[in-house]
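Pasting upload-v3.cif here (mmCIF, C-alpha atoms):
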data_query
#
loop_
_atom_site.group_PDB
_atom_site.id
_atom_site.type_symbol
_atom_site.label_atom_id
_atom_site.label_comp_id
_atom_site.auth_asym_id
_atom_site.auth_seq_id
_atom_site.Cartn_x
_atom_site.Cartn_y
_atom_site.Cartn_z
ATOM 1 C CA SER A 359 -76.776 -32.663 75.961
ATOM 2 C CA ALA A 360 -76.206 -29.667 73.707
ATOM 3 C CA MET A 361 -79.378 -27.992 74.975
ATOM 4 C CA ALA A 362 -78.366 -28.464 78.613
ATOM 5 C CA THR A 363 -74.929 -27.022 77.880
ATOM 6 C CA SER A 364 -76.490 -24.037 76.131
ATOM 7 C CA LEU A 365 -78.773 -23.390 79.096
ATOM 8 C CA SER A 366 -75.831 -23.670 81.488
ATOM 9 C CA LEU A 367 -73.804 -21.150 79.486
ATOM 10 C CA THR A 368 -76.759 -18.780 79.490
ATOM 11 C CA GLU A 369 -76.980 -19.095 83.267
ATOM 12 C CA VAL A 370 -73.218 -18.526 83.578
ATOM 13 C CA ALA A 371 -73.528 -15.269 81.637
ATOM 14 C CA ALA A 372 -76.494 -14.157 83.770
ATOM 15 C CA LEU A 373 -74.682 -14.950 87.037
ATOM 16 C CA LYS A 374 -71.553 -13.124 85.887
ATOM 17 C CA ALA A 375 -73.621 -10.047 85.110
ATOM 18 C CA GLU A 376 -75.411 -10.280 88.464
ATOM 19 C CA ILE A 377 -72.197 -10.676 90.479
ATOM 20 C CA SER A 378 -70.375 -7.915 88.606
ATOM 21 C CA SER A 379 -73.165 -5.372 89.051
ATOM 22 C CA ALA A 380 -74.384 -6.204 92.569
ATOM 23 C CA LYS A 381 -73.397 -3.911 95.446
ATOM 24 C CA LYS A 382 -73.452 -6.903 97.778
ATOM 25 C CA THR A 383 -72.542 -10.213 96.197
ATOM 26 C CA SER A 384 -74.772 -13.202 96.928
ATOM 27 C CA MET A 385 -72.590 -16.114 98.052
ATOM 28 C CA ASN A 386 -75.228 -18.537 96.786
ATOM 29 C CA SER A 387 -74.848 -17.008 93.328
ATOM 30 C CA VAL A 388 -71.057 -17.315 93.570
ATOM 31 C CA ARG A 389 -71.332 -20.980 94.564
ATOM 32 C CA ARG A 390 -73.686 -21.692 91.668
ATOM 33 C CA LEU A 391 -71.410 -19.860 89.236
ATOM 34 C CA LEU A 392 -68.343 -21.782 90.381
ATOM 35 C CA THR A 393 -70.220 -25.063 89.932
ATOM 36 C CA LEU A 394 -71.390 -24.180 86.428
ATOM 37 C CA MET A 395 -67.928 -23.007 85.380
ATOM 38 C CA ARG A 396 -66.457 -26.343 86.465
ATOM 39 C CA GLU A 397 -69.166 -28.264 84.622
ATOM 40 C CA THR A 398 -68.928 -26.254 81.402
ATOM 41 C CA GLN A 399 -65.140 -25.783 81.650
ATOM 42 C CA ARG A 400 -65.512 -22.040 81.227
ATOM 43 C CA LYS A 401 -62.765 -19.786 82.546
ATOM 44 C CA ASP A 402 -62.598 -16.307 84.011
ATOM 45 C CA ALA A 403 -59.527 -16.361 86.210
ATOM 46 C CA GLN A 404 -59.936 -12.952 87.816
ATOM 47 C CA LEU A 405 -63.606 -13.447 88.651
ATOM 48 C CA VAL A 406 -63.050 -16.949 90.078
ATOM 49 C CA SER A 407 -60.022 -15.837 92.088
ATOM 50 C CA THR A 408 -61.688 -12.752 93.557
ATOM 51 C CA HIS A 409 -65.176 -14.053 94.281
ATOM 52 C CA GLY A 410 -64.124 -17.641 94.917
ATOM 53 C CA ASP A 411 -61.702 -16.478 97.593
ATOM 54 C CA ALA A 412 -64.450 -14.338 99.149
ATOM 55 C CA PHE A 413 -66.761 -17.366 99.147
ATOM 56 C CA LEU A 414 -64.142 -19.560 100.860
ATOM 57 C CA LYS A 415 -63.692 -16.913 103.581
ATOM 58 C CA SER A 416 -67.431 -16.474 104.158
ATOM 59 C CA SER A 417 -69.779 -18.416 106.410
ATOM 60 C CA ALA A 418 -71.456 -19.791 103.265
ATOM 61 C CA ILE A 419 -68.654 -22.367 102.958
ATOM 62 C CA LYS A 420 -69.645 -24.141 106.201
ATOM 63 C CA PRO A 421 -72.601 -26.191 104.898
ATOM 64 C CA VAL A 422 -70.794 -27.123 101.645
ATOM 65 C CA PRO A 423 -69.930 -30.860 101.500
ATOM 66 C CA ASP A 424 -66.218 -31.726 101.697
ATOM 67 C CA GLU A 425 -66.027 -33.017 98.124
ATOM 68 C CA GLU A 426 -67.381 -29.781 96.664
ATOM 69 C CA ARG A 427 -65.399 -27.612 99.081
ATOM 70 C CA PHE A 428 -62.059 -29.049 98.010
ATOM 71 C CA LEU A 429 -62.998 -28.819 94.341
ATOM 72 C CA ILE A 430 -63.594 -25.103 94.940
ATOM 73 C CA TYR A 431 -60.207 -24.755 96.664
ATOM 74 C CA GLU A 432 -58.566 -26.358 93.616
ATOM 75 C CA GLN A 433 -60.592 -24.232 91.165
ATOM 76 C CA VAL A 434 -59.736 -20.996 92.958
ATOM 77 C CA ALA A 435 -56.060 -21.974 93.302
ATOM 78 C CA ILE A 436 -55.703 -22.560 89.545
ATOM 79 C CA ALA A 437 -57.529 -19.331 88.691
ATOM 80 C CA ALA A 438 -55.403 -17.366 91.173
ATOM 81 C CA CYS A 439 -52.210 -18.764 89.620
ATOM 82 C CA GLU A 440 -53.421 -17.757 86.166
ATOM 83 C CA CYS A 441 -54.053 -14.149 87.138
ATOM 84 C CA GLY A 442 -51.095 -13.763 89.491
ATOM 85 C CA ASP A 443 -52.921 -13.747 92.836
ATOM 86 C CA VAL A 444 -50.133 -15.749 94.478
ATOM 87 C CA GLU A 445 -51.314 -15.090 98.031
ATOM 88 C CA VAL A 446 -54.777 -16.487 97.302
ATOM 89 C CA ALA A 447 -53.320 -19.467 95.438
ATOM 90 C CA ASP A 448 -50.860 -20.251 98.222
ATOM 91 C CA ARG A 449 -53.604 -20.160 100.848
ATOM 92 C CA CYS A 450 -55.821 -22.542 98.868
ATOM 93 C CA VAL A 451 -52.997 -24.967 98.098
ATOM 94 C CA SER A 452 -51.832 -24.999 101.715
ATOM 95 C CA ARG A 453 -55.360 -25.988 102.738
ATOM 96 C CA LEU A 454 -55.372 -28.825 100.214
ATOM 97 C CA GLU A 455 -51.879 -30.000 101.247
ATOM 98 C CA SER A 456 -52.920 -30.187 104.888
ATOM 99 C CA ARG A 457 -56.040 -32.193 103.978
ATOM 100 C CA PHE A 458 -54.371 -34.422 101.359
ATOM 101 C CA PRO A 459 -50.688 -34.816 102.325
ATOM 102 C CA GLY A 460 -48.659 -36.427 99.535
ATOM 103 C CA SER A 461 -51.402 -35.877 96.947
ATOM 104 C CA ILE A 462 -50.095 -35.519 93.406
ATOM 105 C CA ARG A 463 -52.864 -33.035 92.575
ATOM 106 C CA ALA A 464 -51.898 -30.861 95.517
ATOM 107 C CA GLY A 465 -48.233 -31.240 94.564
ATOM 108 C CA ARG A 466 -48.922 -30.076 91.031
ATOM 109 C CA LEU A 467 -50.776 -27.052 92.410
ATOM 110 C CA ARG A 468 -47.789 -26.243 94.640
ATOM 111 C CA GLY A 469 -45.605 -26.245 91.541
ATOM 112 C CA MET A 470 -48.071 -23.921 89.795
ATOM 113 C CA VAL A 471 -47.923 -21.507 92.734
ATOM 114 C CA GLU A 472 -44.119 -21.514 92.473
ATOM 115 C CA GLU A 473 -44.412 -20.815 88.741
ATOM 116 C CA ALA A 474 -46.815 -17.941 89.379
ATOM 117 C CA SER A 475 -44.428 -16.434 91.931
ATOM 118 C CA GLY A 476 -41.541 -16.621 89.460
ATOM 119 C CA ASP A 477 -39.690 -19.457 91.207
ATOM 120 C CA ILE A 478 -39.120 -21.495 88.039
ATOM 121 C CA ASP A 479 -36.298 -23.585 89.521
ATOM 122 C CA GLY A 480 -38.439 -24.397 92.560
ATOM 123 C CA ALA A 481 -41.356 -25.446 90.363
ATOM 124 C CA ARG A 482 -39.077 -27.580 88.197
ATOM 125 C CA ALA A 483 -37.737 -29.325 91.324
ATOM 126 C CA THR A 484 -41.285 -29.875 92.632
ATOM 127 C CA TYR A 485 -42.393 -31.485 89.369
ATOM 128 C CA ALA A 486 -39.229 -33.595 89.137
ATOM 129 C CA LYS A 487 -39.874 -34.960 92.639
ATOM 130 C CA LEU A 488 -43.477 -35.790 91.728
ATOM 131 C CA LEU A 489 -42.331 -37.586 88.571
ATOM 132 C CA GLN A 490 -39.952 -39.737 90.606
ATOM 133 C CA GLU A 491 -42.995 -41.094 92.429
ATOM 134 C CA HIS A 492 -45.428 -40.933 89.484
ATOM 135 C CA PRO A 493 -43.325 -41.111 86.280
ATOM 136 C CA SER A 494 -46.310 -41.216 83.903
ATOM 137 C CA SER A 495 -48.504 -38.574 85.547
ATOM 138 C CA GLN A 496 -50.198 -36.731 82.697
ATOM 139 C CA MET A 497 -50.885 -33.554 84.677
ATOM 140 C CA VAL A 498 -47.289 -33.249 85.894
ATOM 141 C CA LEU A 499 -45.717 -34.077 82.527
ATOM 142 C CA LYS A 500 -47.835 -31.324 80.968
ATOM 143 C CA ARG A 501 -46.660 -28.855 83.600
ATOM 144 C CA MET A 502 -43.046 -29.744 82.778
ATOM 145 C CA VAL A 503 -43.724 -28.750 79.173
ATOM 146 C CA ALA A 504 -45.458 -25.551 80.254
ATOM 147 C CA ILE A 505 -42.644 -24.521 82.557
ATOM 148 C CA GLU A 506 -40.014 -24.903 79.835
ATOM 149 C CA ARG A 507 -42.133 -22.843 77.464
ATOM 150 C CA THR A 508 -42.546 -20.180 80.140
ATOM 151 C CA ALA A 509 -38.790 -20.145 80.655
ATOM 152 C CA GLY A 510 -38.331 -19.657 76.897
ATOM 153 C CA ASP A 511 -36.202 -22.798 76.548
ATOM 154 C CA LEU A 512 -37.459 -24.127 73.206
ATOM 155 C CA GLN A 513 -35.244 -27.204 73.020
ATOM 156 C CA SER A 514 -36.083 -28.246 76.598
ATOM 157 C CA ALA A 515 -39.794 -27.768 75.845
ATOM 158 C CA ILE A 516 -39.452 -30.009 72.768
ATOM 159 C CA LYS A 517 -37.642 -32.629 74.836
ATOM 160 C CA ALA A 518 -40.281 -32.486 77.601
ATOM 161 C CA LEU A 519 -43.154 -32.743 75.121
ATOM 162 C CA ASN A 520 -41.538 -35.699 73.346
ATOM 163 C CA HIS A 521 -41.218 -37.374 76.741
ATOM 164 C CA PHE A 522 -44.919 -36.689 77.406
ATOM 165 C CA LEU A 523 -45.940 -38.151 74.023
ATOM 166 C CA ASN A 524 -43.908 -41.286 74.703
ATOM 167 C CA HIS A 525 -46.437 -41.943 77.468
ATOM 168 C CA TYR A 526 -49.553 -40.497 75.786
ATOM 169 C CA MET A 527 -49.195 -41.113 72.059
ATOM 170 C CA ALA A 528 -52.901 -40.505 71.341
ATOM 171 C CA ASP A 529 -52.909 -36.980 72.805
ATOM 172 C CA ALA A 530 -53.917 -34.806 69.848
ATOM 173 C CA ASP A 531 -53.210 -31.512 71.631
ATOM 174 C CA GLY A 532 -49.714 -32.742 72.453
ATOM 175 C CA TRP A 533 -48.887 -33.500 68.802
ATOM 176 C CA ALA A 534 -50.338 -30.136 67.716
ATOM 177 C CA GLU A 535 -48.218 -28.277 70.272
ATOM 178 C CA LEU A 536 -45.084 -30.230 69.350
ATOM 179 C CA ALA A 537 -45.651 -29.315 65.691
ATOM 180 C CA ASP A 538 -45.839 -25.649 66.749
ATOM 181 C CA LEU A 539 -42.588 -25.963 68.692
ATOM 182 C CA TYR A 540 -40.777 -27.608 65.790
ATOM 183 C CA LEU A 541 -42.013 -24.921 63.396
ATOM 184 C CA GLU A 542 -40.845 -22.253 65.824
ATOM 185 C CA ALA A 543 -37.441 -23.946 65.830
ATOM 186 C CA GLY A 544 -37.393 -24.125 62.014
ATOM 187 C CA MET A 545 -37.524 -27.945 62.054
ATOM 188 C CA HIS A 546 -40.139 -28.395 59.349
ATOM 189 C CA LYS A 547 -39.670 -32.099 58.651
ATOM 190 C CA GLN A 548 -40.147 -32.947 62.321
ATOM 191 C CA ALA A 549 -43.239 -30.703 62.397
ATOM 192 C CA ALA A 550 -44.637 -32.574 59.383
ATOM 193 C CA PHE A 551 -44.191 -35.880 61.228
ATOM 194 C CA CYS A 552 -46.172 -34.502 64.189
ATOM 195 C CA LEU A 553 -48.966 -33.330 61.902
ATOM 196 C CA GLU A 554 -49.097 -36.762 60.260
ATOM 197 C CA GLU A 555 -49.569 -38.316 63.705
ATOM 198 C CA LEU A 556 -52.284 -35.744 64.399
ATOM 199 C CA ILE A 557 -54.125 -36.705 61.202
ATOM 200 C CA LEU A 558 -54.039 -40.364 62.241
ATOM 201 C CA ILE A 559 -55.852 -39.367 65.436
ATOM 202 C CA GLN A 560 -58.251 -36.828 63.879
ATOM 203 C CA PRO A 561 -58.407 -37.608 60.139
ATOM 204 C CA HIS A 562 -61.469 -35.484 59.399
ATOM 205 C CA THR A 563 -60.224 -32.177 60.826
ATOM 206 C CA PHE A 564 -59.496 -29.931 57.863
ATOM 207 C CA CYS A 565 -57.017 -27.646 59.644
ATOM 208 C CA HIS A 566 -54.644 -30.572 60.276
ATOM 209 C CA HIS A 567 -54.494 -31.350 56.552
ATOM 210 C CA LEU A 568 -54.092 -27.636 55.831
ATOM 211 C CA ARG A 569 -51.163 -27.249 58.215
ATOM 212 C CA LEU A 570 -49.480 -30.414 56.926
ATOM 213 C CA GLY A 571 -49.899 -29.329 53.309
ATOM 214 C CA GLU A 572 -48.448 -25.892 54.052
ATOM 215 C CA THR A 573 -45.565 -27.372 56.042
ATOM 216 C CA LEU A 574 -44.692 -29.900 53.333
ATOM 217 C CA LEU A 575 -44.826 -27.195 50.677
ATOM 218 C CA SER A 576 -42.515 -24.962 52.707
ATOM 219 C CA TYR A 577 -39.569 -27.336 52.259
ATOM 220 C CA ALA A 578 -40.555 -29.308 49.141
ATOM 221 C CA THR A 579 -37.674 -29.532 46.678
ATOM 222 C CA ASN A 580 -39.190 -31.783 44.034
ATOM 223 C CA LEU A 581 -42.510 -32.523 42.389
ATOM 224 C CA GLU A 582 -43.234 -35.663 44.417
ATOM 225 C CA GLU A 583 -43.061 -33.714 47.681
ATOM 226 C CA LYS A 584 -45.282 -30.972 46.259
ATOM 227 C CA ILE A 585 -47.815 -33.572 45.102
ATOM 228 C CA VAL A 586 -48.145 -34.882 48.665
ATOM 229 C CA ALA A 587 -48.717 -31.315 49.891
ATOM 230 C CA TYR A 588 -51.253 -30.772 47.087
ATOM 231 C CA LYS A 589 -53.236 -33.873 48.094
ATOM 232 C CA HIS A 590 -53.485 -32.764 51.706
ATOM 233 C CA LEU A 591 -54.589 -29.279 50.660
ATOM 234 C CA CYS A 592 -57.237 -30.773 48.381
ATOM 235 C CA THR A 593 -58.444 -32.870 51.313
ATOM 236 C CA ALA A 594 -58.581 -29.764 53.525
ATOM 237 C CA CYS A 595 -60.605 -27.977 50.847
ATOM 238 C CA GLU A 596 -63.028 -30.894 50.630
ATOM 239 C CA LEU A 597 -63.440 -31.198 54.396
ATOM 240 C CA CYS A 598 -64.194 -27.486 54.885
ATOM 241 C CA ALA A 599 -66.347 -27.326 51.730
ATOM 242 C CA GLY A 600 -64.234 -24.477 50.400
ATOM 243 C CA ALA A 601 -65.438 -22.104 53.109
ATOM 244 C CA HIS A 602 -62.036 -20.941 54.389
ATOM 245 C CA PRO A 603 -59.944 -18.491 52.328
ATOM 246 C CA ARG A 604 -56.647 -19.694 53.805
ATOM 247 C CA VAL A 605 -57.299 -23.216 52.513
ATOM 248 C CA LEU A 606 -58.068 -21.876 49.036
ATOM 249 C CA TRP A 607 -55.037 -19.579 48.942
ATOM 250 C CA SER A 608 -52.734 -22.378 50.084
ATOM 251 C CA LEU A 609 -54.153 -24.748 47.493
ATOM 252 C CA LEU A 610 -53.662 -22.226 44.689
ATOM 253 C CA ALA A 611 -50.152 -21.409 45.937
ATOM 254 C CA CYS A 612 -49.318 -25.110 45.786
ATOM 255 C CA VAL A 613 -50.747 -25.418 42.270
ATOM 256 C CA SER A 614 -48.718 -22.384 41.216
ATOM 257 C CA SER A 615 -45.545 -23.849 42.718
ATOM 258 C CA MET A 616 -46.116 -27.219 41.054
ATOM 259 C CA ALA A 617 -46.777 -25.762 37.602
ATOM 260 C CA SER A 618 -44.145 -23.039 37.726
ATOM 261 C CA LYS A 619 -41.761 -22.996 34.784
ATOM 262 C CA LYS A 620 -39.002 -22.783 37.364
ATOM 263 C CA ALA A 621 -40.074 -26.095 38.945
ATOM 264 C CA GLY A 622 -37.163 -28.488 39.001
ATOM 265 C CA ALA A 623 -37.183 -32.058 37.792
ATOM 266 C CA SER A 624 -38.618 -34.577 40.207
ATOM 267 C CA SER A 625 -36.649 -37.328 41.863
ATOM 268 C CA SER A 626 -38.088 -39.814 39.374
ATOM 269 C CA GLY A 627 -36.751 -37.755 36.492
ATOM 270 C CA ARG A 628 -40.018 -36.298 35.244
ATOM 271 C CA GLY A 629 -39.966 -32.678 34.105
ATOM 272 C CA GLY A 630 -41.366 -30.135 36.564
ATOM 273 C CA ALA A 631 -44.104 -28.039 34.943
ATOM 274 C CA THR A 632 -45.201 -30.578 32.297
ATOM 275 C CA ALA A 633 -45.410 -33.471 34.733
ATOM 276 C CA ALA A 634 -47.210 -31.285 37.277
ATOM 277 C CA MET A 635 -50.088 -30.633 34.875
ATOM 278 C CA GLU A 636 -50.687 -34.378 34.785
ATOM 279 C CA GLU A 637 -51.186 -34.323 38.566
ATOM 280 C CA ILE A 638 -53.217 -31.127 38.958
ATOM 281 C CA ASP A 639 -57.001 -31.383 38.804
ATOM 282 C CA VAL A 640 -57.729 -28.281 36.769
ATOM 283 C CA ASN A 641 -61.386 -28.273 37.852
ATOM 284 C CA VAL A 642 -60.427 -28.169 41.535
ATOM 285 C CA ALA A 643 -58.099 -25.213 40.997
ATOM 286 C CA ARG A 644 -60.724 -23.438 38.917
ATOM 287 C CA LEU A 645 -63.358 -23.976 41.616
ATOM 288 C CA ALA A 646 -60.945 -22.685 44.262
ATOM 289 C CA SER A 647 -60.304 -19.452 42.353
ATOM 290 C CA LYS A 648 -64.041 -19.050 41.742
ATOM 291 C CA GLN A 649 -64.832 -19.622 45.420
ATOM 292 C CA LEU A 650 -62.237 -17.058 46.494
ATOM 293 C CA LYS A 651 -63.873 -14.494 44.246
ATOM 294 C CA LYS A 652 -67.260 -15.232 45.864
ATOM 295 C CA LEU A 653 -65.940 -15.079 49.422
ATOM 296 C CA TYR A 654 -64.200 -11.726 48.918
ATOM 297 C CA ALA A 655 -67.109 -10.241 46.993
ATOM 298 C CA LYS A 656 -69.407 -11.113 49.893
ATOM 299 C CA ALA A 657 -67.122 -10.201 52.797
ATOM 300 C CA ASP A 658 -65.245 -7.180 51.457
ATOM 301 C CA PRO A 659 -66.055 -6.007 47.919
ATOM 302 C CA ASP A 660 -63.227 -3.452 48.086
ATOM 303 C CA LEU A 661 -60.707 -6.290 48.367
ATOM 304 C CA ALA A 662 -62.320 -8.494 45.717
ATOM 305 C CA ALA A 663 -60.418 -6.894 42.844
ATOM 306 C CA THR A 664 -57.121 -7.123 44.740
ATOM 307 C CA ALA A 665 -57.740 -10.790 45.515
ATOM 308 C CA GLN A 666 -58.600 -11.525 41.902
ATOM 309 C CA ALA A 667 -55.413 -9.812 40.760
ATOM 310 C CA ALA A 668 -53.412 -11.966 43.188
ATOM 311 C CA VAL A 669 -55.028 -15.121 41.787
ATOM 312 C CA LEU A 670 -54.205 -14.021 38.232
ATOM 313 C CA ASP A 671 -50.611 -13.416 39.282
ATOM 314 C CA MET A 672 -50.364 -16.875 40.867
ATOM 315 C CA LEU A 673 -52.017 -18.781 38.018
ATOM 316 C CA GLY A 674 -50.967 -16.646 35.060
ATOM 317 C CA ASP A 675 -48.877 -19.504 33.595
ATOM 318 C CA ILE A 676 -51.768 -21.950 33.820
ATOM 319 C CA PRO A 677 -54.860 -20.167 32.478
ATOM 320 C CA ASP A 678 -56.850 -23.431 32.473
ATOM 321 C CA CYS A 679 -56.988 -23.150 36.287
ATOM 322 C CA LEU A 680 -58.533 -19.667 36.239
ATOM 323 C CA ASP A 681 -62.217 -19.051 36.751
ATOM 324 C CA ASP A 682 -63.811 -17.822 33.551
#
Using structure tokens, write down the structure that the file contains.
Amino acid sequence: SAMATSLSLTEVAALKAEISSAKKTSMNSVRRLLTLMRETQRKDAQLVSTHGDAFLKSSAIKPVPDEERFLIYEQVAIAACECGDVEVADRCVSRLESRFPGSIRAGRLRGMVEEASGDIDGARATYAKLLQEHPSSQMVLKRMVAIERTAGDLQSAIKALNHFLNHYMADADGWAELADLYLEAGMHKQAAFCLEELILIQPHTFCHHLRLGETLLSYATNLEEKIVAYKHLCTACELCAGAHPRVLWSLLACVSSMASKKAGASSSGRGGATAAMEEIDVNVARLASKQLKKLYAKADPDLAATAQAAVLDMLGDIPDCLDD
């Protein structure tokens, strides 16, 4: 429950403070902290690596049941990889490999240790071998994406992530990351496709509609394409109740682009600016400009005038959209 989670997070904070300030660390406190961090999925790589390793070396590990002990080895190994404690990570993974020979989880950890030590080719070979035996392993496919990103090979990362999504098409994080990669590569249409897939999975998340609207607007060449972007930005504004300045700015930028006198004719032959006014909900644009004024006046009065001037500059050709 939410209350239980809140209490657990409070205890995590208290244990962190206790362990950090104590002259002699209580191993019972470390064990409890490690358990809570696994349950709440909280991370502090350096703390887990340092104190988790000390716990594993202490006599306090002896009465710990096997199931919990090996979860701690895995937890400490991952944390050690994240903060570069390769020696600690290698020791933990070696223990897991000896206890679970041939385990895919141990194999993935071995690849992570190789990554942390800078042996990218070795890690890639380790993951490739694991995928020969387990071609649809989610954890290994994700590591293949991560390793290509670490290596700075954008196209290989895109290829690896597409391969992952062929197996796990409902993975929202995967589509979001692929959209980021495509945008980084300047492939905006492909990024828009990824964001559309993301909206199918999470239709009520405003930031997905925002990102899709912005992406569509970035390469729109006719009114029809801008109208699609406008609709997604209106949806984002509705879903966040107009509480986010970026949504409002993007919406007004889209309105400005649609109604610009420089707007070209649409693919259906309709004139740009005149036809756009038939599509724009003037009340929505007016509310957006009014809400921006309120948000800036409340958060930073010194910037309120500058923001208002920017809105006037954007909507100067369409005064009906301006807040009175």
(message) Taking only C-alpha atoms into account, name the residue in A:Val446, A:Leu661, A:Ala418, A:Leu606 that is nearest to Gly571 in chain A.
(response)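 Ranking A:Val446, A:Leu661, A:Ala418, A:Leu606 by distance to Gly571 in chain A, first place goes to A:Leu606.
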(message) I'd like to see the residues matched by the PyMOL selection byres ((chain A and resi 582-587) around 8) on this file, and ideally I'd get them as a ChimeraX atom specification.
(response) /A:570-575,578-581,588-591,612,615-616,624-625,637
(message) Set the distance at 6 Å and use all atoms listed in the file: which residues neighbour Ala537 in chain A once local chain neighbours fewer than 3 positions away are removed? I'd like the list as an MDAnalysis selection string.
(response) chainID A and resid 534 540 549 552
(message) So that I can see what lies close to Gly544 in chain A, please list as a list in words the residues with an atom at most 12 Å from it, counting all atoms listed in the file and leaving out residues fewer than 6 positions away in the same chain.
(response)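 Near Gly544 in chain A, the qualifying residues are Leu512, Gln513, Ala537, Asp538, Ala550, Thr573, Ser576 and Tyr577 of chain A.
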(request) Please identify all polymer residues within 10 Å of Leu394 in chain A, counting only C-alpha atoms, omitting same-chain residues fewer than 4 positions from it, and present them as a PyMOL selection string. (result) chain A and resi 363+366-367+369-370+373+388-390+398-400
File dump, residues just selected, C-alpha atoms, as a compact mmCIF listing (two decimals), in the frame of the given file:
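As a result, selection05.txt now contains:
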# COMPACT_ATOMS: atom_id res chain seq x y z
CA THR A 363 -74.93 -27.02 77.88
CA SER A 366 -75.83 -23.67 81.49
CA LEU A 367 -73.80 -21.15 79.49
CA GLU A 369 -76.98 -19.10 83.27
CA VAL A 370 -73.22 -18.53 83.58
CA LEU A 373 -74.68 -14.95 87.04
CA VAL A 388 -71.06 -17.32 93.57
CA ARG A 389 -71.33 -20.98 94.56
CA ARG A 390 -73.69 -21.69 91.67
CA THR A 398 -68.93 -26.25 81.40
CA GLN A 399 -65.14 -25.78 81.65
CA ARG A 400 -65.51 -22.04 81.23
(message) From the options A:Pro561, A:Asp660, A:Ala655, A:Ser618, which residue's atoms come nearest to Ile676 in chain A, counting all atoms listed in the file?
(response)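 That would be A:Ser618, the residue with the smallest distance to Ile676 in chain A.
In terms of minimum interatomic distance to Met395 in chain A, A:Leu429 ranks closest within A:Leu429, A:Ala483, A:Leu553, A:Met470, counting only C-alpha atoms.
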(message) From the options A:Met497, A:Glu596, A:Leu539, A:Ala662, which residue's atoms come nearest to Ser514 in chain A, counting all atoms listed in the file?
(response)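 Ranking A:Met497, A:Glu596, A:Leu539, A:Ala662 by distance to Ser514 in chain A, first place goes to A:Leu539.
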(message) Just to confirm, what's the straight-line distance from CA of Leu610 in chain A to CA of Glu535 in chain A in Å (one decimal)?
(response)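 Separation between CA of Leu610 in chain A and CA of Glu535 in chain A: 26.8 Å.
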(message) My list of candidates is A:Ala617, A:Ala611, A:Leu653, A:Ala665. Which is closest to Glu636 in chain A when distances are computed with all atoms listed in the file?
(response)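 Of A:Ala617, A:Ala611, A:Leu653, A:Ala665, the one nearest Glu636 in chain A is A:Ala617, counting all atoms listed in the file.
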(request) Could you tell me which residues the PyMOL selection byres ((chain A and resi 667-672) around 8) returns for this structure, as a ChimeraX atom specification? (result) /A:610-611,614,647,663-666,673-675,680
(request) Mind giving me the straight-line distance from CA of Leu519 in chain A to CA of Ser608 in chain A in Å, one decimal? (result)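 Going from CA of Leu519 in chain A over to CA of Ser608 in chain A covers 28.7 Å.
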If I only want range 634-645 of chain A, can you write it with N, CA and C atoms, as a PDB file, in the first residue's frame?
ATOM      1  N   ALA A 634      -6.315  27.544 -41.329  1.00  0.00           N
ATOM      2  CA  ALA A 634      -5.881  27.212 -39.968  1.00  0.00           C
ATOM      3  C   ALA A 634      -6.841  27.770 -38.931  1.00  0.00           C
ATOM      4  N   MET A 635      -7.355  28.985 -39.170  1.00  0.00           N
ATOM      5  CA  MET A 635      -8.258  29.605 -38.207  1.00  0.00           C
ATOM      6  C   MET A 635      -9.560  28.829 -38.063  1.00  0.00           C
ATOM      7  N   GLU A 636      -9.879  28.026 -39.063  1.00  0.00           N
ATOM      8  CA  GLU A 636     -11.064  27.168 -38.968  1.00  0.00           C
ATOM      9  C   GLU A 636     -10.804  25.986 -38.048  1.00  0.00           C
ATOM     10  N   GLU A 637      -9.523  25.630 -37.875  1.00  0.00           N
ATOM     11  CA  GLU A 637      -9.157  24.476 -37.054  1.00  0.00           C
ATOM     12  C   GLU A 637      -8.797  24.861 -35.621  1.00  0.00           C
ATOM     13  N   ILE A 638      -8.331  26.080 -35.420  1.00  0.00           N
ATOM     14  CA  ILE A 638      -7.870  26.497 -34.097  1.00  0.00           C
ATOM     15  C   ILE A 638      -9.050  26.853 -33.207  1.00  0.00           C
ATOM     16  N   ASP A 639      -9.051  26.300 -31.996  1.00  0.00           N
ATOM     17  CA  ASP A 639     -10.036  26.692 -30.986  1.00  0.00           C
ATOM     18  C   ASP A 639      -9.481  27.930 -30.284  1.00  0.00           C
ATOM     19  N   VAL A 640     -10.022  29.072 -30.644  1.00  0.00           N
ATOM     20  CA  VAL A 640      -9.515  30.335 -30.120  1.00  0.00           C
ATOM     21  C   VAL A 640      -9.563  30.372 -28.598  1.00  0.00           C
ATOM     22  N   ASN A 641     -10.606  29.786 -28.009  1.00  0.00           N
ATOM     23  CA  ASN A 641     -10.751  29.796 -26.553  1.00  0.00           C
ATOM     24  C   ASN A 641      -9.632  29.014 -25.874  1.00  0.00           C
ATOM     25  N   VAL A 642      -9.215  27.907 -26.483  1.00  0.00           N
ATOM     26  CA  VAL A 642      -8.129  27.110 -25.915  1.00  0.00           C
ATOM     27  C   VAL A 642      -6.823  27.909 -25.933  1.00  0.00           C
ATOM     28  N   ALA A 643      -6.541  28.554 -27.047  1.00  0.00           N
ATOM     29  CA  ALA A 643      -5.318  29.352 -27.146  1.00  0.00           C
ATOM     30  C   ALA A 643      -5.355  30.523 -26.172  1.00  0.00           C
ATOM     31  N   ARG A 644      -6.525  31.133 -26.036  1.00  0.00           N
ATOM     32  CA  ARG A 644      -6.651  32.256 -25.107  1.00  0.00           C
ATOM     33  C   ARG A 644      -6.436  31.794 -23.670  1.00  0.00           C
ATOM     34  N   LEU A 645      -7.004  30.639 -23.324  1.00  0.00           N
ATOM     35  CA  LEU A 645      -6.818  30.096 -21.972  1.00  0.00           C
ATOM     36  C   LEU A 645      -5.360  29.745 -21.718  1.00  0.00           C
TER      37      LEU A 645
END
